[in-house]
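**Q** Coordinates in protein_16.cif, mmCIF, N, CA and C atoms, are listed below.
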data_entry
loop_
_atom_site.label_atom_id
_atom_site.label_comp_id
_atom_site.auth_asym_id
_atom_site.auth_seq_id
_atom_site.Cartn_x
_atom_site.Cartn_y
_atom_site.Cartn_z
N VAL A 1 35.55 3.64 -45.70
CA VAL A 1 35.13 3.80 -47.07
C VAL A 1 34.11 2.71 -47.47
N ALA A 2 34.15 1.59 -46.80
CA ALA A 2 33.22 0.52 -47.12
C ALA A 2 31.77 0.94 -46.88
N ASN A 3 31.55 2.00 -46.12
CA ASN A 3 30.20 2.52 -45.92
C ASN A 3 29.58 3.01 -47.22
N TYR A 4 30.41 3.39 -48.18
CA TYR A 4 29.93 3.89 -49.46
C TYR A 4 29.78 2.77 -50.49
N TYR A 5 30.19 1.57 -50.15
CA TYR A 5 30.13 0.44 -51.07
C TYR A 5 28.72 -0.13 -51.13
N HIS A 6 28.47 -0.89 -52.19
CA HIS A 6 27.24 -1.68 -52.26
C HIS A 6 27.20 -2.59 -51.03
N PRO A 7 26.00 -2.89 -50.52
CA PRO A 7 25.93 -3.76 -49.35
C PRO A 7 26.39 -5.19 -49.64
N THR A 8 26.22 -5.66 -50.85
CA THR A 8 26.65 -7.00 -51.25
C THR A 8 27.15 -6.93 -52.69
N GLY A 9 27.70 -8.03 -53.15
CA GLY A 9 28.11 -8.09 -54.55
C GLY A 9 29.55 -8.56 -54.71
N LEU A 10 29.83 -8.98 -55.92
CA LEU A 10 31.16 -9.52 -56.25
C LEU A 10 32.26 -8.49 -56.00
N TRP A 11 32.09 -7.27 -56.51
CA TRP A 11 33.16 -6.28 -56.41
C TRP A 11 33.39 -5.85 -54.96
N ARG A 12 32.32 -5.72 -54.19
CA ARG A 12 32.48 -5.40 -52.76
C ARG A 12 33.22 -6.53 -52.06
N THR A 13 32.85 -7.76 -52.39
CA THR A 13 33.49 -8.92 -51.76
C THR A 13 34.99 -8.92 -52.06
N ILE A 14 35.33 -8.66 -53.31
CA ILE A 14 36.75 -8.63 -53.68
C ILE A 14 37.46 -7.48 -52.97
N ALA A 15 36.90 -6.28 -53.05
CA ALA A 15 37.56 -5.08 -52.52
C ALA A 15 37.73 -5.12 -51.01
N THR A 16 36.85 -5.79 -50.31
CA THR A 16 36.92 -5.80 -48.85
C THR A 16 37.46 -7.10 -48.27
N HIS A 17 37.80 -8.03 -49.13
CA HIS A 17 38.29 -9.32 -48.65
C HIS A 17 39.69 -9.15 -48.04
N PRO A 18 39.91 -9.69 -46.85
CA PRO A 18 41.22 -9.54 -46.20
C PRO A 18 42.38 -10.09 -47.02
N VAL A 19 42.16 -11.16 -47.75
CA VAL A 19 43.24 -11.72 -48.59
C VAL A 19 43.61 -10.73 -49.70
N PHE A 20 42.59 -10.13 -50.32
CA PHE A 20 42.85 -9.15 -51.38
C PHE A 20 43.61 -7.95 -50.81
N GLU A 21 43.23 -7.51 -49.62
CA GLU A 21 43.92 -6.38 -49.00
C GLU A 21 45.38 -6.72 -48.70
N LYS A 22 45.63 -7.93 -48.20
CA LYS A 22 47.00 -8.34 -47.88
C LYS A 22 47.84 -8.53 -49.15
N VAL A 23 47.24 -9.12 -50.17
CA VAL A 23 47.95 -9.28 -51.45
C VAL A 23 48.29 -7.91 -52.02
N THR A 24 47.35 -6.99 -51.95
CA THR A 24 47.60 -5.63 -52.46
C THR A 24 48.75 -4.97 -51.71
N LEU A 25 48.76 -5.07 -50.40
CA LEU A 25 49.88 -4.50 -49.63
C LEU A 25 51.19 -5.17 -49.99
N GLY A 26 51.15 -6.49 -50.23
CA GLY A 26 52.35 -7.21 -50.64
C GLY A 26 52.86 -6.73 -51.99
N VAL A 27 51.94 -6.52 -52.93
CA VAL A 27 52.33 -6.04 -54.26
C VAL A 27 52.88 -4.62 -54.16
N ILE A 28 52.29 -3.79 -53.31
CA ILE A 28 52.81 -2.43 -53.11
C ILE A 28 54.24 -2.48 -52.57
N ALA A 29 54.47 -3.34 -51.58
CA ALA A 29 55.82 -3.48 -51.01
C ALA A 29 56.80 -4.01 -52.05
N PHE A 30 56.37 -5.02 -52.80
CA PHE A 30 57.23 -5.57 -53.85
C PHE A 30 57.51 -4.53 -54.92
N ASN A 31 56.51 -3.71 -55.25
CA ASN A 31 56.71 -2.65 -56.22
C ASN A 31 57.74 -1.65 -55.75
N ALA A 32 57.74 -1.36 -54.45
CA ALA A 32 58.75 -0.44 -53.90
C ALA A 32 60.15 -1.02 -54.05
N LEU A 33 60.29 -2.30 -53.74
CA LEU A 33 61.59 -2.96 -53.93
C LEU A 33 61.97 -2.98 -55.41
N TRP A 34 60.99 -3.25 -56.25
CA TRP A 34 61.25 -3.31 -57.69
C TRP A 34 61.69 -1.96 -58.23
N ILE A 35 61.09 -0.88 -57.73
CA ILE A 35 61.49 0.46 -58.18
C ILE A 35 62.96 0.68 -57.87
N GLY A 36 63.41 0.26 -56.68
CA GLY A 36 64.83 0.39 -56.34
C GLY A 36 65.71 -0.43 -57.27
N LEU A 37 65.31 -1.67 -57.53
CA LEU A 37 66.06 -2.53 -58.43
C LEU A 37 66.07 -1.96 -59.85
N ASP A 38 64.91 -1.51 -60.29
CA ASP A 38 64.79 -0.93 -61.64
C ASP A 38 65.66 0.31 -61.78
N THR A 39 65.70 1.12 -60.74
CA THR A 39 66.52 2.34 -60.77
C THR A 39 68.00 2.00 -60.88
N ASP A 40 68.44 0.97 -60.15
CA ASP A 40 69.85 0.59 -60.17
C ASP A 40 70.26 -0.18 -61.42
N ARG A 41 69.41 -1.07 -61.89
CA ARG A 41 69.81 -2.01 -62.94
C ARG A 41 69.33 -1.67 -64.34
N ASN A 42 68.23 -0.97 -64.46
CA ASN A 42 67.67 -0.68 -65.78
C ASN A 42 68.21 0.65 -66.29
N LYS A 43 69.09 0.58 -67.25
CA LYS A 43 69.72 1.79 -67.79
C LYS A 43 69.02 2.31 -69.03
N SER A 44 67.92 1.67 -69.43
CA SER A 44 67.20 2.09 -70.63
C SER A 44 66.43 3.38 -70.38
N ASP A 45 66.33 4.18 -71.44
CA ASP A 45 65.58 5.44 -71.34
C ASP A 45 64.08 5.21 -71.37
N THR A 46 63.65 4.17 -72.08
CA THR A 46 62.22 3.91 -72.23
C THR A 46 61.92 2.46 -71.90
N LEU A 47 60.66 2.19 -71.64
CA LEU A 47 60.23 0.83 -71.34
C LEU A 47 60.45 -0.08 -72.54
N LEU A 48 60.25 0.44 -73.73
CA LEU A 48 60.43 -0.38 -74.93
C LEU A 48 61.88 -0.83 -75.13
N GLN A 49 62.82 -0.08 -74.62
CA GLN A 49 64.24 -0.43 -74.76
C GLN A 49 64.72 -1.33 -73.62
N ALA A 50 63.92 -1.46 -72.59
CA ALA A 50 64.34 -2.19 -71.40
C ALA A 50 64.37 -3.70 -71.66
N HIS A 51 65.14 -4.40 -70.83
CA HIS A 51 65.18 -5.86 -70.86
C HIS A 51 63.76 -6.38 -70.62
N PRO A 52 63.38 -7.49 -71.25
CA PRO A 52 62.02 -8.03 -71.09
C PRO A 52 61.58 -8.23 -69.64
N VAL A 53 62.50 -8.54 -68.73
CA VAL A 53 62.14 -8.71 -67.32
C VAL A 53 61.55 -7.41 -66.77
N PHE A 54 62.15 -6.27 -67.11
CA PHE A 54 61.65 -4.99 -66.64
C PHE A 54 60.31 -4.65 -67.29
N GLN A 55 60.17 -4.99 -68.55
CA GLN A 55 58.90 -4.74 -69.24
C GLN A 55 57.77 -5.57 -68.63
N ILE A 56 58.03 -6.85 -68.41
CA ILE A 56 57.01 -7.73 -67.84
C ILE A 56 56.60 -7.24 -66.44
N ALA A 57 57.57 -6.86 -65.64
CA ALA A 57 57.27 -6.38 -64.29
C ALA A 57 56.41 -5.12 -64.34
N GLU A 58 56.76 -4.17 -65.21
CA GLU A 58 55.97 -2.93 -65.30
C GLU A 58 54.54 -3.21 -65.74
N HIS A 59 54.38 -4.12 -66.71
CA HIS A 59 53.04 -4.46 -67.17
C HIS A 59 52.25 -5.18 -66.08
N PHE A 60 52.93 -6.05 -65.33
CA PHE A 60 52.27 -6.73 -64.21
C PHE A 60 51.76 -5.73 -63.19
N PHE A 61 52.63 -4.80 -62.76
CA PHE A 61 52.23 -3.81 -61.76
C PHE A 61 51.09 -2.93 -62.28
N CYS A 62 51.19 -2.52 -63.53
CA CYS A 62 50.15 -1.68 -64.11
C CYS A 62 48.82 -2.44 -64.15
N PHE A 63 48.86 -3.71 -64.56
CA PHE A 63 47.64 -4.52 -64.60
C PHE A 63 47.06 -4.71 -63.20
N PHE A 64 47.90 -5.09 -62.24
CA PHE A 64 47.41 -5.35 -60.89
C PHE A 64 46.80 -4.10 -60.27
N PHE A 65 47.49 -2.97 -60.36
CA PHE A 65 46.97 -1.75 -59.75
C PHE A 65 45.72 -1.25 -60.47
N SER A 66 45.64 -1.48 -61.77
CA SER A 66 44.42 -1.13 -62.51
C SER A 66 43.26 -2.00 -62.05
N PHE A 67 43.52 -3.30 -61.86
CA PHE A 67 42.48 -4.21 -61.38
C PHE A 67 42.04 -3.83 -59.96
N GLU A 68 43.00 -3.50 -59.11
CA GLU A 68 42.66 -3.10 -57.75
C GLU A 68 41.79 -1.86 -57.76
N TRP A 69 42.17 -0.87 -58.57
CA TRP A 69 41.40 0.37 -58.68
C TRP A 69 40.00 0.07 -59.21
N PHE A 70 39.90 -0.74 -60.25
CA PHE A 70 38.60 -1.08 -60.85
C PHE A 70 37.71 -1.80 -59.85
N SER A 71 38.28 -2.71 -59.08
CA SER A 71 37.51 -3.44 -58.07
C SER A 71 36.92 -2.48 -57.05
N ARG A 72 37.73 -1.55 -56.60
CA ARG A 72 37.25 -0.59 -55.62
C ARG A 72 36.23 0.37 -56.24
N TYR A 73 36.49 0.80 -57.47
CA TYR A 73 35.56 1.70 -58.17
C TYR A 73 34.19 1.04 -58.34
N MET A 74 34.19 -0.21 -58.76
CA MET A 74 32.93 -0.92 -58.98
C MET A 74 32.20 -1.20 -57.67
N SER A 75 32.90 -1.16 -56.55
CA SER A 75 32.29 -1.41 -55.26
C SER A 75 31.43 -0.24 -54.78
N PHE A 76 31.73 0.96 -55.24
CA PHE A 76 30.98 2.13 -54.79
C PHE A 76 29.54 2.07 -55.29
N ARG A 77 28.61 2.32 -54.37
CA ARG A 77 27.19 2.38 -54.72
C ARG A 77 26.97 3.52 -55.70
N ARG A 78 27.43 4.70 -55.31
CA ARG A 78 27.42 5.87 -56.20
C ARG A 78 28.88 6.16 -56.51
N LYS A 79 29.22 6.14 -57.77
CA LYS A 79 30.64 6.23 -58.17
C LYS A 79 31.28 7.53 -57.70
N ARG A 80 30.52 8.59 -57.61
CA ARG A 80 31.11 9.87 -57.17
C ARG A 80 31.53 9.83 -55.71
N ASP A 81 31.06 8.84 -54.95
CA ASP A 81 31.49 8.71 -53.56
C ASP A 81 32.98 8.37 -53.46
N GLY A 82 33.55 7.89 -54.55
CA GLY A 82 34.99 7.64 -54.56
C GLY A 82 35.79 8.91 -54.29
N LEU A 83 35.20 10.05 -54.62
CA LEU A 83 35.88 11.33 -54.37
C LEU A 83 35.94 11.69 -52.89
N ARG A 84 35.17 10.99 -52.06
CA ARG A 84 35.19 11.24 -50.62
C ARG A 84 36.33 10.51 -49.92
N ASP A 85 36.92 9.55 -50.59
CA ASP A 85 38.01 8.77 -50.01
C ASP A 85 39.34 9.27 -50.56
N ALA A 86 40.14 9.89 -49.70
CA ALA A 86 41.41 10.48 -50.15
C ALA A 86 42.34 9.42 -50.75
N TRP A 87 42.37 8.21 -50.17
CA TRP A 87 43.22 7.16 -50.73
C TRP A 87 42.76 6.76 -52.12
N PHE A 88 41.46 6.70 -52.34
CA PHE A 88 40.95 6.33 -53.65
C PHE A 88 41.30 7.40 -54.68
N VAL A 89 41.19 8.66 -54.30
CA VAL A 89 41.57 9.75 -55.20
C VAL A 89 43.06 9.68 -55.52
N PHE A 90 43.87 9.46 -54.48
CA PHE A 90 45.32 9.33 -54.67
C PHE A 90 45.64 8.15 -55.59
N ASP A 91 45.04 7.00 -55.31
CA ASP A 91 45.27 5.81 -56.14
C ASP A 91 44.78 6.02 -57.56
N SER A 92 43.68 6.74 -57.73
CA SER A 92 43.16 7.03 -59.07
C SER A 92 44.18 7.82 -59.88
N THR A 93 44.78 8.80 -59.24
CA THR A 93 45.80 9.61 -59.91
C THR A 93 47.01 8.75 -60.28
N LEU A 94 47.47 7.92 -59.34
CA LEU A 94 48.62 7.06 -59.61
C LEU A 94 48.35 6.07 -60.73
N VAL A 95 47.19 5.43 -60.68
CA VAL A 95 46.86 4.44 -61.72
C VAL A 95 46.72 5.12 -63.07
N PHE A 96 46.08 6.28 -63.10
CA PHE A 96 45.95 7.01 -64.35
C PHE A 96 47.32 7.33 -64.95
N MET A 97 48.22 7.84 -64.11
CA MET A 97 49.55 8.18 -64.60
C MET A 97 50.35 6.93 -64.98
N MET A 98 50.17 5.85 -64.23
CA MET A 98 50.88 4.61 -64.54
C MET A 98 50.41 4.03 -65.88
N VAL A 99 49.10 4.07 -66.12
CA VAL A 99 48.57 3.60 -67.41
C VAL A 99 49.10 4.47 -68.54
N LEU A 100 49.12 5.79 -68.33
CA LEU A 100 49.68 6.68 -69.35
C LEU A 100 51.14 6.34 -69.65
N GLU A 101 51.91 6.16 -68.58
CA GLU A 101 53.35 5.89 -68.74
C GLU A 101 53.61 4.52 -69.35
N THR A 102 52.90 3.50 -68.88
CA THR A 102 53.21 2.12 -69.28
C THR A 102 52.57 1.73 -70.60
N TRP A 103 51.31 2.09 -70.79
CA TRP A 103 50.60 1.61 -71.98
C TRP A 103 50.40 2.69 -73.04
N VAL A 104 49.91 3.87 -72.66
CA VAL A 104 49.62 4.90 -73.65
C VAL A 104 50.91 5.42 -74.28
N LEU A 105 51.90 5.75 -73.46
CA LEU A 105 53.16 6.26 -74.00
C LEU A 105 53.84 5.22 -74.89
N THR A 106 53.73 3.95 -74.53
CA THR A 106 54.30 2.88 -75.35
C THR A 106 53.64 2.85 -76.73
N VAL A 107 52.34 2.95 -76.76
CA VAL A 107 51.62 2.94 -78.04
C VAL A 107 51.99 4.18 -78.85
N VAL A 108 52.06 5.33 -78.20
CA VAL A 108 52.43 6.57 -78.90
C VAL A 108 53.83 6.44 -79.50
N MET A 109 54.75 5.88 -78.72
CA MET A 109 56.12 5.73 -79.21
C MET A 109 56.17 4.76 -80.40
N LEU A 110 55.42 3.67 -80.31
CA LEU A 110 55.39 2.71 -81.41
C LEU A 110 54.79 3.34 -82.67
N MET A 111 53.73 4.10 -82.50
CA MET A 111 53.07 4.72 -83.65
C MET A 111 53.90 5.85 -84.25
N SER A 112 54.68 6.53 -83.43
CA SER A 112 55.47 7.66 -83.93
C SER A 112 56.84 7.23 -84.45
N GLY A 113 57.18 5.96 -84.23
CA GLY A 113 58.46 5.47 -84.72
C GLY A 113 59.64 5.83 -83.84
N THR A 114 59.39 6.28 -82.61
CA THR A 114 60.50 6.64 -81.72
C THR A 114 60.77 5.55 -80.69
N ALA A 115 60.30 4.33 -80.97
CA ALA A 115 60.39 3.23 -80.00
C ALA A 115 61.82 2.92 -79.59
N GLY A 116 62.75 2.98 -80.48
CA GLY A 116 64.12 2.60 -80.14
C GLY A 116 65.06 3.76 -79.99
N THR A 117 64.57 4.98 -80.17
CA THR A 117 65.47 6.12 -80.18
C THR A 117 65.56 6.84 -78.85
N GLY A 118 64.62 6.55 -77.95
CA GLY A 118 64.63 7.26 -76.67
C GLY A 118 64.22 8.71 -76.84
N GLY A 119 63.45 9.01 -77.86
CA GLY A 119 63.03 10.37 -78.15
C GLY A 119 62.22 11.02 -77.05
N PHE A 120 61.60 10.22 -76.22
CA PHE A 120 60.81 10.78 -75.14
C PHE A 120 61.60 10.88 -73.84
N GLY A 121 62.81 10.38 -73.83
CA GLY A 121 63.64 10.44 -72.63
C GLY A 121 63.11 9.53 -71.53
N ASN A 122 63.56 9.76 -70.32
CA ASN A 122 63.13 8.94 -69.20
C ASN A 122 61.78 9.46 -68.72
N ALA A 123 60.73 8.70 -69.02
CA ALA A 123 59.37 9.13 -68.72
C ALA A 123 58.91 8.72 -67.34
N SER A 124 59.75 8.10 -66.56
CA SER A 124 59.32 7.57 -65.26
C SER A 124 59.35 8.67 -64.20
N ILE A 125 58.24 9.38 -64.10
CA ILE A 125 58.13 10.47 -63.13
C ILE A 125 57.31 10.06 -61.92
N LEU A 126 56.86 8.83 -61.88
CA LEU A 126 55.92 8.39 -60.85
C LEU A 126 56.56 7.68 -59.67
N ARG A 127 57.81 7.41 -59.71
CA ARG A 127 58.42 6.52 -58.71
C ARG A 127 58.20 7.00 -57.28
N MET A 128 58.41 8.26 -57.01
CA MET A 128 58.24 8.75 -55.64
C MET A 128 56.78 8.68 -55.20
N ALA A 129 55.87 9.03 -56.09
CA ALA A 129 54.45 8.96 -55.74
C ALA A 129 54.02 7.52 -55.50
N ARG A 130 54.54 6.59 -56.30
CA ARG A 130 54.20 5.18 -56.11
C ARG A 130 54.76 4.68 -54.77
N LEU A 131 55.91 5.18 -54.39
CA LEU A 131 56.48 4.80 -53.10
C LEU A 131 55.63 5.33 -51.94
N ALA A 132 54.93 6.43 -52.15
CA ALA A 132 54.11 7.01 -51.10
C ALA A 132 52.98 6.07 -50.70
N ARG A 133 52.62 5.15 -51.57
CA ARG A 133 51.58 4.17 -51.22
C ARG A 133 52.01 3.31 -50.04
N LEU A 134 53.31 3.22 -49.80
CA LEU A 134 53.80 2.43 -48.67
C LEU A 134 53.30 2.97 -47.34
N SER A 135 52.92 4.23 -47.31
CA SER A 135 52.45 4.81 -46.05
C SER A 135 51.19 4.11 -45.56
N ARG A 136 50.50 3.40 -46.43
CA ARG A 136 49.34 2.61 -46.02
C ARG A 136 49.73 1.51 -45.05
N MET A 137 50.94 1.02 -45.19
CA MET A 137 51.38 -0.12 -44.39
C MET A 137 51.66 0.28 -42.94
N ALA A 138 51.87 1.56 -42.73
CA ALA A 138 52.21 2.04 -41.36
C ALA A 138 50.99 2.07 -40.47
#
Would you mind writing the file's structure down as structure tokens?
**A**
Amino acid sequence: VANYYHPTGLWRTIATHPVFEKVTLGVIAFNALWIGLDTDRNKSDTLLQAHPVFQIAEHFFCFFFSFEWFSRYMSFRRKRDGLRDAWFVFDSTLVFMMVLETWVLTVVMLMSGTAGTGGFGNASILRMARLARLSRMA
């Protein structure tokens, strides 16, 4: 996929740097462990009702994966070339859904007044898809 990236530049340097790649794989692995812990320990229906530790972790993962996606997106010489990389398309879908679940749904719940009622139920439909990112490590 680096063939479609700019030949030089900050975003290419970040996206192709071995340390960034290893940190990203580490965060993906930690996210998989966290999903298991969250499933066992977090009994809240919504992120807003969850213990602050769960909220902070979800926001961290959402921020990190959004930054990773943005770094890779900005690396493409022609942005539409991102559609040629199946992993980038897959990650785009996951990040989009994660942002919707973590940030957009939270704002909607706060604005609608259903923040503490669980009116939206358990909105976490992404866990299995997020775990699929682990296949990169193989």
**Q** Using all atoms listed in the file, which residue out of A:Thr8, A:Ser44, A:Ser112, A:Ser66 lies closest to Val95 of chain A?
**A**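 Among A:Thr8, A:Ser44, A:Ser112, A:Ser66, it is A:Ser66 that comes nearest to Val95 of chain A.
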**Q** Just checking: using only N, CA and C atoms, which residue out of A:Pro52, A:Phe76, A:Ala86, A:Phe61 ends up closest to Asn31 of chain A?
**A**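 Using only N, CA and C atoms, Asn31 of chain A sits closest to A:Phe61.
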**Q** So, counting only C-alpha atoms, which residue among A:Thr106, A:Ser75, A:Thr93, A:Thr114 is closest to Trp11 of chain A?
**A**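 Selected residue with least distance to Trp11 of chain A: A:Ser75.
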**Q** Check the DSSP output for the backbone and give back, as a PyMOL selection string, the residues of chain A in alpha helix (DSSP H).
**A** chain A and resi 10-16+18-41+52-75+86-99+105-112+127-132
**Q** How many Å lie between atom CA of Met74 of chain A and atom C of Leu10 of chain A, rounded to one decimal?
**A**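 Taking atom CA of Met74 of chain A and atom C of Leu10 of chain A, their separation equals 8.2 Å.
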**Q** Step by step, work through what the PyMOL selection byres ((chain A and resi 101-105) around 8) selects in the shown file, and finish by giving those residues as a PyMOL selection string.
**A** chain A and resi 47+58-59+62+95-100+106-111+123-125
**Q** Please report the interatomic distance between atom CA of Arg84 of chain A and atom N of Tyr5 of chain A in Å with one decimal.
**A**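 Between atom CA of Arg84 of chain A and atom N of Tyr5 of chain A the gap works out to 10.9 Å.
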**Q** What separation in Å, quoted to one decimal, exists between atom CA of Arg78 of chain A and atom N of Tyr4 of chain A?
**A**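 Pair atom CA of Arg78 of chain A / atom N of Tyr4 of chain A returns 8.9 Å.
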**Q** With all atoms listed in the file as the atoms that count, which of A:Thr13, A:Ser92, A:Gln49, A:Thr39 lies nearest to Trp69 of chain A?
**A**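 Residue with the minimum atom-to-atom distance to Trp69 of chain A: A:Ser92.
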**Q** Out of A:Val27, A:Ala2, A:Ala50, A:Ala15, which residue has the shortest atom-to-atom distance to Ser71 of chain A when counting only N, CA and C atoms?
**A**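 Among the listed residues, A:Ala15 lies closest to Ser71 of chain A.
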